[in-house]
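Undergrad: Starting off with a structure, shown below.
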Amino acid sequence: MSATQSSALRTLLASIERSASAGDDPLVVFDLDGTLYDNTHRTMRILLEFAHTHASSYRALYERLRETSPGHLKYRVADTLAALGFPDPELAQHVTTFWRERFFTDDYCLYDLPLAGAVELVNRVHKAGGVPCYLTGRDAPNMLVGTLRALQRDGFPVGRVETRLILKPSFEMNDDAFKHGVIAHLRKTGRVVGSFDNEPGLCNLFKQSFPEATVAWLDTSHAPGAPELQPDVVRLNDFTELLAGEAT
């Protein structure tokens, strides 16, 4: 554990206290996919569904996927198939279409599991007076209900006046453009004291927009071609590192 990791939560909690004392809402922004939630389980479920329902046509893929764990999945479905020994572009297109039709839906996001320490960390922030802001590239028409169900099921504070859940208004809207636009709204409605995301570019954006905030990058998965992280962004594998740091 680095010195930055060991002090990050204490710094964040102190910022929450100062902001609340000044009469501001201390906003702590949490991305969902790849940050609070490990969505590789969702993709694994979809790939297994494809394999089971197409076993007669793709028996070798069926056998291989049944031996594969979520930790072996790549960012793109085609890259996962190639790594498993199935580089055929026609198969990749078929499976990707099957995956896309299911991945961005209420029902399938319920297969996600919280990242280690995520539930405890968000509740720790909330108990201290911070306002958890769940800011996600998921879209409201297709994923709001499932997202709420998952958050409630797993014990995250949600659905209360001192929490916020912000989804895209439409599936077609670009994720980065959406989050850029939300920043202006956050400035008007509170003080951002913390931000957690798995995309390096968005971590850099939040650090540039809110220099005094504790900004952390989750080293889970991210889009190819991501920029280098700014040096003052905290690097985490999961949230247990922050919780352990508070105890030291």
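Going by the structure tokens order, chains are called A, B, ..., each with residues numbered from 1, while ligands are numbered from 1 in the order shown.
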Give me the residues within 10 Å of Gly130 of chain A as a short mmCIF file (atom, residue, chain, number, x, y, z; two decimals) with C-alpha atoms, in the first residue's frame, counting only C-alpha atoms and dropping any in the same chain fewer than 5 places off.

TA:
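around27.cif, written as the output of this step:
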data_model
loop_
_atom_site.label_atom_id
_atom_site.label_comp_id
_atom_site.auth_asym_id
_atom_site.auth_seq_id
_atom_site.Cartn_x
_atom_site.Cartn_y
_atom_site.Cartn_z
CA LEU A 12 -11.66 12.42 1.95
CA LEU A 13 -13.50 12.19 5.27
CA SER A 15 -12.97 17.15 3.29
CA ILE A 16 -16.51 15.90 3.85
CA GLU A 17 -16.51 17.32 7.35
CA SER A 19 -17.63 20.99 3.36
CA ALA A 20 -20.60 20.07 5.55
CA ASP A 25 -23.34 19.24 0.24
CA PRO A 26 -20.10 17.16 0.13
CA LEU A 27 -20.49 15.23 -3.12
CA VAL A 28 -18.55 11.99 -3.66
CA VAL A 29 -18.93 10.74 -7.22
CA VAL A 122 -19.71 4.00 0.20
CA ASN A 123 -21.56 3.47 3.47
CA ARG A 124 -18.55 4.85 5.35
CA VAL A 125 -18.67 7.99 3.20
CA GLU A 162 -28.89 12.61 0.62
CA THR A 163 -27.95 10.37 -2.31
CA VAL A 192 -17.25 17.66 -5.17
CA VAL A 193 -14.79 16.34 -2.58
CA GLY A 194 -14.16 12.91 -4.08
#

Undergrad: Find the residue from A:Arg160, A:Lys188, A:Arg149, A:Arg102 that sits nearest to Ile46 of chain A; use only C-alpha atoms when measuring.

TA: A:Arg102

Undergrad: Let's see if you can do this: from backbone DSSP, list all alpha helix (DSSP H) residues in segment 14-68 of chain A, as a list of chain:residue names.

TA: A:Ala14, A:Ser15, A:Ile16, A:Glu17, A:Arg18, A:Ser19, A:Ala20, A:Ser21, A:Thr40, A:His41, A:Arg42, A:Thr43, A:Met44, A:Arg45, A:Ile46, A:Leu47, A:Leu48, A:Glu49, A:Phe50, A:Ala51, A:His52, A:Thr53, A:Arg59, A:Ala60, A:Leu61, A:Tyr62, A:Glu63, A:Arg64, A:Leu65

Undergrad: With segment 33-38 of chain A as the partner and 9 Å as the cut-off, tabulate the residues of segment 64-144 of chain A that qualify, each row holding the nearest pair of atoms and their distance in Å to one decimal, using only C-alpha atoms, sorted by chain and rising number, as a Markdown table.

TA:
| residue | atom | partner | partner_atom | distance |
| --- | --- | --- | --- | --- |
| A:Asp112 | CA | A:Asp38 | CA | 5.8 |
| A:Leu113 | CA | A:Asp38 | CA | 5.4 |
| A:Pro114 | CA | A:Tyr37 | CA | 4.3 |
| A:Leu115 | CA | A:Tyr37 | CA | 5.1 |
| A:Ala116 | CA | A:Leu36 | CA | 8.5 |
| A:Gly117 | CA | A:Leu36 | CA | 8.8 |
| A:Ala118 | CA | A:Leu36 | CA | 5.6 |
| A:Val119 | CA | A:Leu36 | CA | 7.9 |
| A:Val122 | CA | A:Leu36 | CA | 8.9 |
| A:Thr136 | CA | A:Asp33 | CA | 7.4 |
| A:Gly137 | CA | A:Asp33 | CA | 8.3 |
| A:Arg138 | CA | A:Asp33 | CA | 8.5 |

Undergrad: Based on the selection just made, write C-alpha atoms of those residues as a PDB file, in the first residue's frame.

TA:
ATOM      1  CA  ASP A 112     -22.920  -7.781 -11.462  1.00  0.00           C
ATOM      2  CA  LEU A 113     -21.170  -8.102  -8.100  1.00  0.00           C
ATOM      3  CA  PRO A 114     -19.807  -5.239  -5.975  1.00  0.00           C
ATOM      4  CA  LEU A 115     -16.062  -4.708  -6.134  1.00  0.00           C
ATOM      5  CA  ALA A 116     -14.293  -5.758  -2.942  1.00  0.00           C
ATOM      6  CA  GLY A 117     -14.889  -3.176  -0.202  1.00  0.00           C
ATOM      7  CA  ALA A 118     -17.229  -1.052  -2.326  1.00  0.00           C
ATOM      8  CA  VAL A 119     -20.353  -1.383  -0.187  1.00  0.00           C
ATOM      9  CA  VAL A 122     -19.705   4.003   0.199  1.00  0.00           C
ATOM     10  CA  THR A 136     -22.914   6.142 -14.690  1.00  0.00           C
ATOM     11  CA  GLY A 137     -22.871   5.752 -18.439  1.00  0.00           C
ATOM     12  CA  ARG A 138     -25.853   3.412 -18.134  1.00  0.00           C
TER      13      ARG A 138
END

Undergrad: Please measure the separation of atom CA of Val145 of chain A and atom CA of Leu165 of chain A, giving the value in Å to one decimal.

TA: 11.5 Å

Undergrad: Applying 10 Å and only C-alpha atoms, which residues near segment 197-201 of chain A remain after dropping the ones on its own chain fewer than 4 positions away? List them as an MDAnalysis selection string.

TA: chainID A and resid 29:36 135:136 176 205:207 215:230 233 235:237

Undergrad: Suppose we keep C-alpha atoms; can you now write the selection as a PDB file, in the first residue's frame?

TA:
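Output below, filename result.pdb:
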ATOM      1  CA  VAL A  29     -18.935  10.743  -7.222  1.00  0.00           C
ATOM      2  CA  PHE A  30     -18.889   7.001  -7.890  1.00  0.00           C
ATOM      3  CA  ASP A  31     -18.942   5.396 -11.308  1.00  0.00           C
ATOM      4  CA  LEU A  32     -20.667   1.997 -11.401  1.00  0.00           C
ATOM      5  CA  ASP A  33     -19.355  -0.353 -14.115  1.00  0.00           C
ATOM      6  CA  GLY A  34     -15.759  -1.274 -13.400  1.00  0.00           C
ATOM      7  CA  THR A  35     -15.734   0.888 -10.278  1.00  0.00           C
ATOM      8  CA  LEU A  36     -18.345  -0.023  -7.678  1.00  0.00           C
ATOM      9  CA  LEU A 135     -22.744   8.780 -11.994  1.00  0.00           C
ATOM     10  CA  THR A 136     -22.914   6.142 -14.690  1.00  0.00           C
ATOM     11  CA  ASP A 176     -17.712  10.849 -21.886  1.00  0.00           C
ATOM     12  CA  LEU A 205     -11.093  15.269 -15.974  1.00  0.00           C
ATOM     13  CA  PHE A 206     -12.388  15.252 -12.405  1.00  0.00           C
ATOM     14  CA  LYS A 207      -8.967  16.092 -10.985  1.00  0.00           C
ATOM     15  CA  VAL A 215      -9.754  11.391  -7.067  1.00  0.00           C
ATOM     16  CA  ALA A 216      -9.068   7.666  -7.375  1.00  0.00           C
ATOM     17  CA  TRP A 217      -8.666   5.321 -10.330  1.00  0.00           C
ATOM     18  CA  LEU A 218      -9.798   1.697 -10.019  1.00  0.00           C
ATOM     19  CA  ASP A 219      -7.411  -0.597 -11.889  1.00  0.00           C
ATOM     20  CA  THR A 220     -10.066  -3.006 -13.170  1.00  0.00           C
ATOM     21  CA  SER A 221     -10.682  -2.512 -16.899  1.00  0.00           C
ATOM     22  CA  HIS A 222     -10.879   0.477 -19.191  1.00  0.00           C
ATOM     23  CA  ALA A 223     -11.333   1.360 -22.837  1.00  0.00           C
ATOM     24  CA  PRO A 224      -8.295   0.824 -25.068  1.00  0.00           C
ATOM     25  CA  GLY A 225      -6.182   3.876 -25.796  1.00  0.00           C
ATOM     26  CA  ALA A 226      -6.757   5.544 -22.431  1.00  0.00           C
ATOM     27  CA  PRO A 227      -4.481   8.482 -21.509  1.00  0.00           C
ATOM     28  CA  GLU A 228      -1.866   8.401 -18.774  1.00  0.00           C
ATOM     29  CA  LEU A 229      -3.158   9.153 -15.296  1.00  0.00           C
ATOM     30  CA  GLN A 230      -2.254  12.447 -13.689  1.00  0.00           C
ATOM     31  CA  VAL A 233      -4.722  10.565  -8.884  1.00  0.00           C
ATOM     32  CA  ARG A 235      -4.442   4.243  -7.814  1.00  0.00           C
ATOM     33  CA  LEU A 236      -6.485   1.377  -6.364  1.00  0.00           C
ATOM     34  CA  ASN A 237      -7.077  -2.275  -7.129  1.00  0.00           C
TER      35      ASN A 237
END

Undergrad: Can you tell me which residues surround Leu110 of chain A at a distance of at most 9 Å, considering only C-alpha atoms, apart from same-chain residues fewer than 6 positions away, and format the answer as a PyMOL selection string?

TA: chain A and resi 42+146-147+149-150

Undergrad: Would you output that residue set with C-alpha atoms, as a PDB file, in the first residue's frame?

TA:
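The new file selection-v6.pdb reads:
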ATOM      1  CA  ARG A  42     -22.572  -9.971 -16.476  1.00  0.00           C
ATOM      2  CA  GLY A 146     -32.121  -2.881 -12.668  1.00  0.00           C
ATOM      3  CA  THR A 147     -29.514  -0.456 -11.345  1.00  0.00           C
ATOM      4  CA  ARG A 149     -32.541  -3.060  -7.651  1.00  0.00           C
ATOM      5  CA  ALA A 150     -28.851  -4.012  -7.614  1.00  0.00           C
TER       6      ALA A 150
END

Undergrad: To one decimal in Å, tell me the separation between atom CA of Leu243 of chain A and atom CA of Glu120 of chain A.

TA: 8.3 Å

Undergrad: Under the rule that only C-alpha atoms are counted, which of A:Leu9, A:Leu47, A:Met143, A:Leu84 is the nearest residue to Thr97 of chain A?

TA: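 Closest candidate: A:Leu47.
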
Undergrad: Taking the DSSP assignment computed from this structure's backbone, write out as JSON, numbers by chain all residues of segment 6-246 of chain A that belong to strand (DSSP E or B).

TA: {"A": [26, 27, 28, 29, 30, 33, 37, 38, 113, 114, 131, 132, 133, 134, 135, 136, 137, 138, 139, 164, 165, 166, 167, 168, 191, 192, 193, 194, 195, 196, 197, 214, 215, 216, 217, 218, 234, 235, 236]}

Undergrad: Kindly export the residues of the current selection with C-alpha atoms, as a PDB file, in the first residue's frame.

TA:
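The result, written out as again-v6.pdb:
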ATOM      1  CA  PRO A  26     -20.100  17.158   0.127  1.00  0.00           C
ATOM      2  CA  LEU A  27     -20.492  15.231  -3.121  1.00  0.00           C
ATOM      3  CA  VAL A  28     -18.553  11.991  -3.655  1.00  0.00           C
ATOM      4  CA  VAL A  29     -18.935  10.743  -7.222  1.00  0.00           C
ATOM      5  CA  PHE A  30     -18.889   7.001  -7.890  1.00  0.00           C
ATOM      6  CA  ASP A  33     -19.355  -0.353 -14.115  1.00  0.00           C
ATOM      7  CA  TYR A  37     -19.376  -3.069  -9.686  1.00  0.00           C
ATOM      8  CA  ASP A  38     -17.464  -5.882 -11.343  1.00  0.00           C
ATOM      9  CA  LEU A 113     -21.170  -8.102  -8.100  1.00  0.00           C
ATOM     10  CA  PRO A 114     -19.807  -5.239  -5.975  1.00  0.00           C
ATOM     11  CA  VAL A 131     -23.494  12.529  -0.523  1.00  0.00           C
ATOM     12  CA  PRO A 132     -22.863   9.482  -2.738  1.00  0.00           C
ATOM     13  CA  CYS A 133     -23.470  10.458  -6.366  1.00  0.00           C
ATOM     14  CA  TYR A 134     -23.726   7.406  -8.577  1.00  0.00           C
ATOM     15  CA  LEU A 135     -22.744   8.780 -11.994  1.00  0.00           C
ATOM     16  CA  THR A 136     -22.914   6.142 -14.690  1.00  0.00           C
ATOM     17  CA  GLY A 137     -22.871   5.752 -18.439  1.00  0.00           C
ATOM     18  CA  ARG A 138     -25.853   3.412 -18.134  1.00  0.00           C
ATOM     19  CA  ASP A 139     -29.006   4.837 -19.697  1.00  0.00           C
ATOM     20  CA  ARG A 164     -28.058  10.866  -6.078  1.00  0.00           C
ATOM     21  CA  LEU A 165     -28.311   8.493  -9.013  1.00  0.00           C
ATOM     22  CA  ILE A 166     -27.481  10.006 -12.403  1.00  0.00           C
ATOM     23  CA  LEU A 167     -27.918   8.002 -15.626  1.00  0.00           C
ATOM     24  CA  LYS A 168     -27.794   9.015 -19.286  1.00  0.00           C
ATOM     25  CA  ARG A 191     -18.960  20.640  -3.564  1.00  0.00           C
ATOM     26  CA  VAL A 192     -17.247  17.665  -5.169  1.00  0.00           C
ATOM     27  CA  VAL A 193     -14.792  16.340  -2.580  1.00  0.00           C
ATOM     28  CA  GLY A 194     -14.158  12.913  -4.081  1.00  0.00           C
ATOM     29  CA  SER A 195     -14.440  10.927  -7.296  1.00  0.00           C
ATOM     30  CA  PHE A 196     -13.869   7.266  -8.190  1.00  0.00           C
ATOM     31  CA  ASP A 197     -13.741   5.872 -11.735  1.00  0.00           C
ATOM     32  CA  THR A 214      -9.656  13.086  -3.658  1.00  0.00           C
ATOM     33  CA  VAL A 215      -9.754  11.391  -7.067  1.00  0.00           C
ATOM     34  CA  ALA A 216      -9.068   7.666  -7.375  1.00  0.00           C
ATOM     35  CA  TRP A 217      -8.666   5.321 -10.330  1.00  0.00           C
ATOM     36  CA  LEU A 218      -9.798   1.697 -10.019  1.00  0.00           C
ATOM     37  CA  VAL A 234      -4.822   7.733  -6.321  1.00  0.00           C
ATOM     38  CA  ARG A 235      -4.442   4.243  -7.814  1.00  0.00           C
ATOM     39  CA  LEU A 236      -6.485   1.377  -6.364  1.00  0.00           C
TER      40      LEU A 236
END
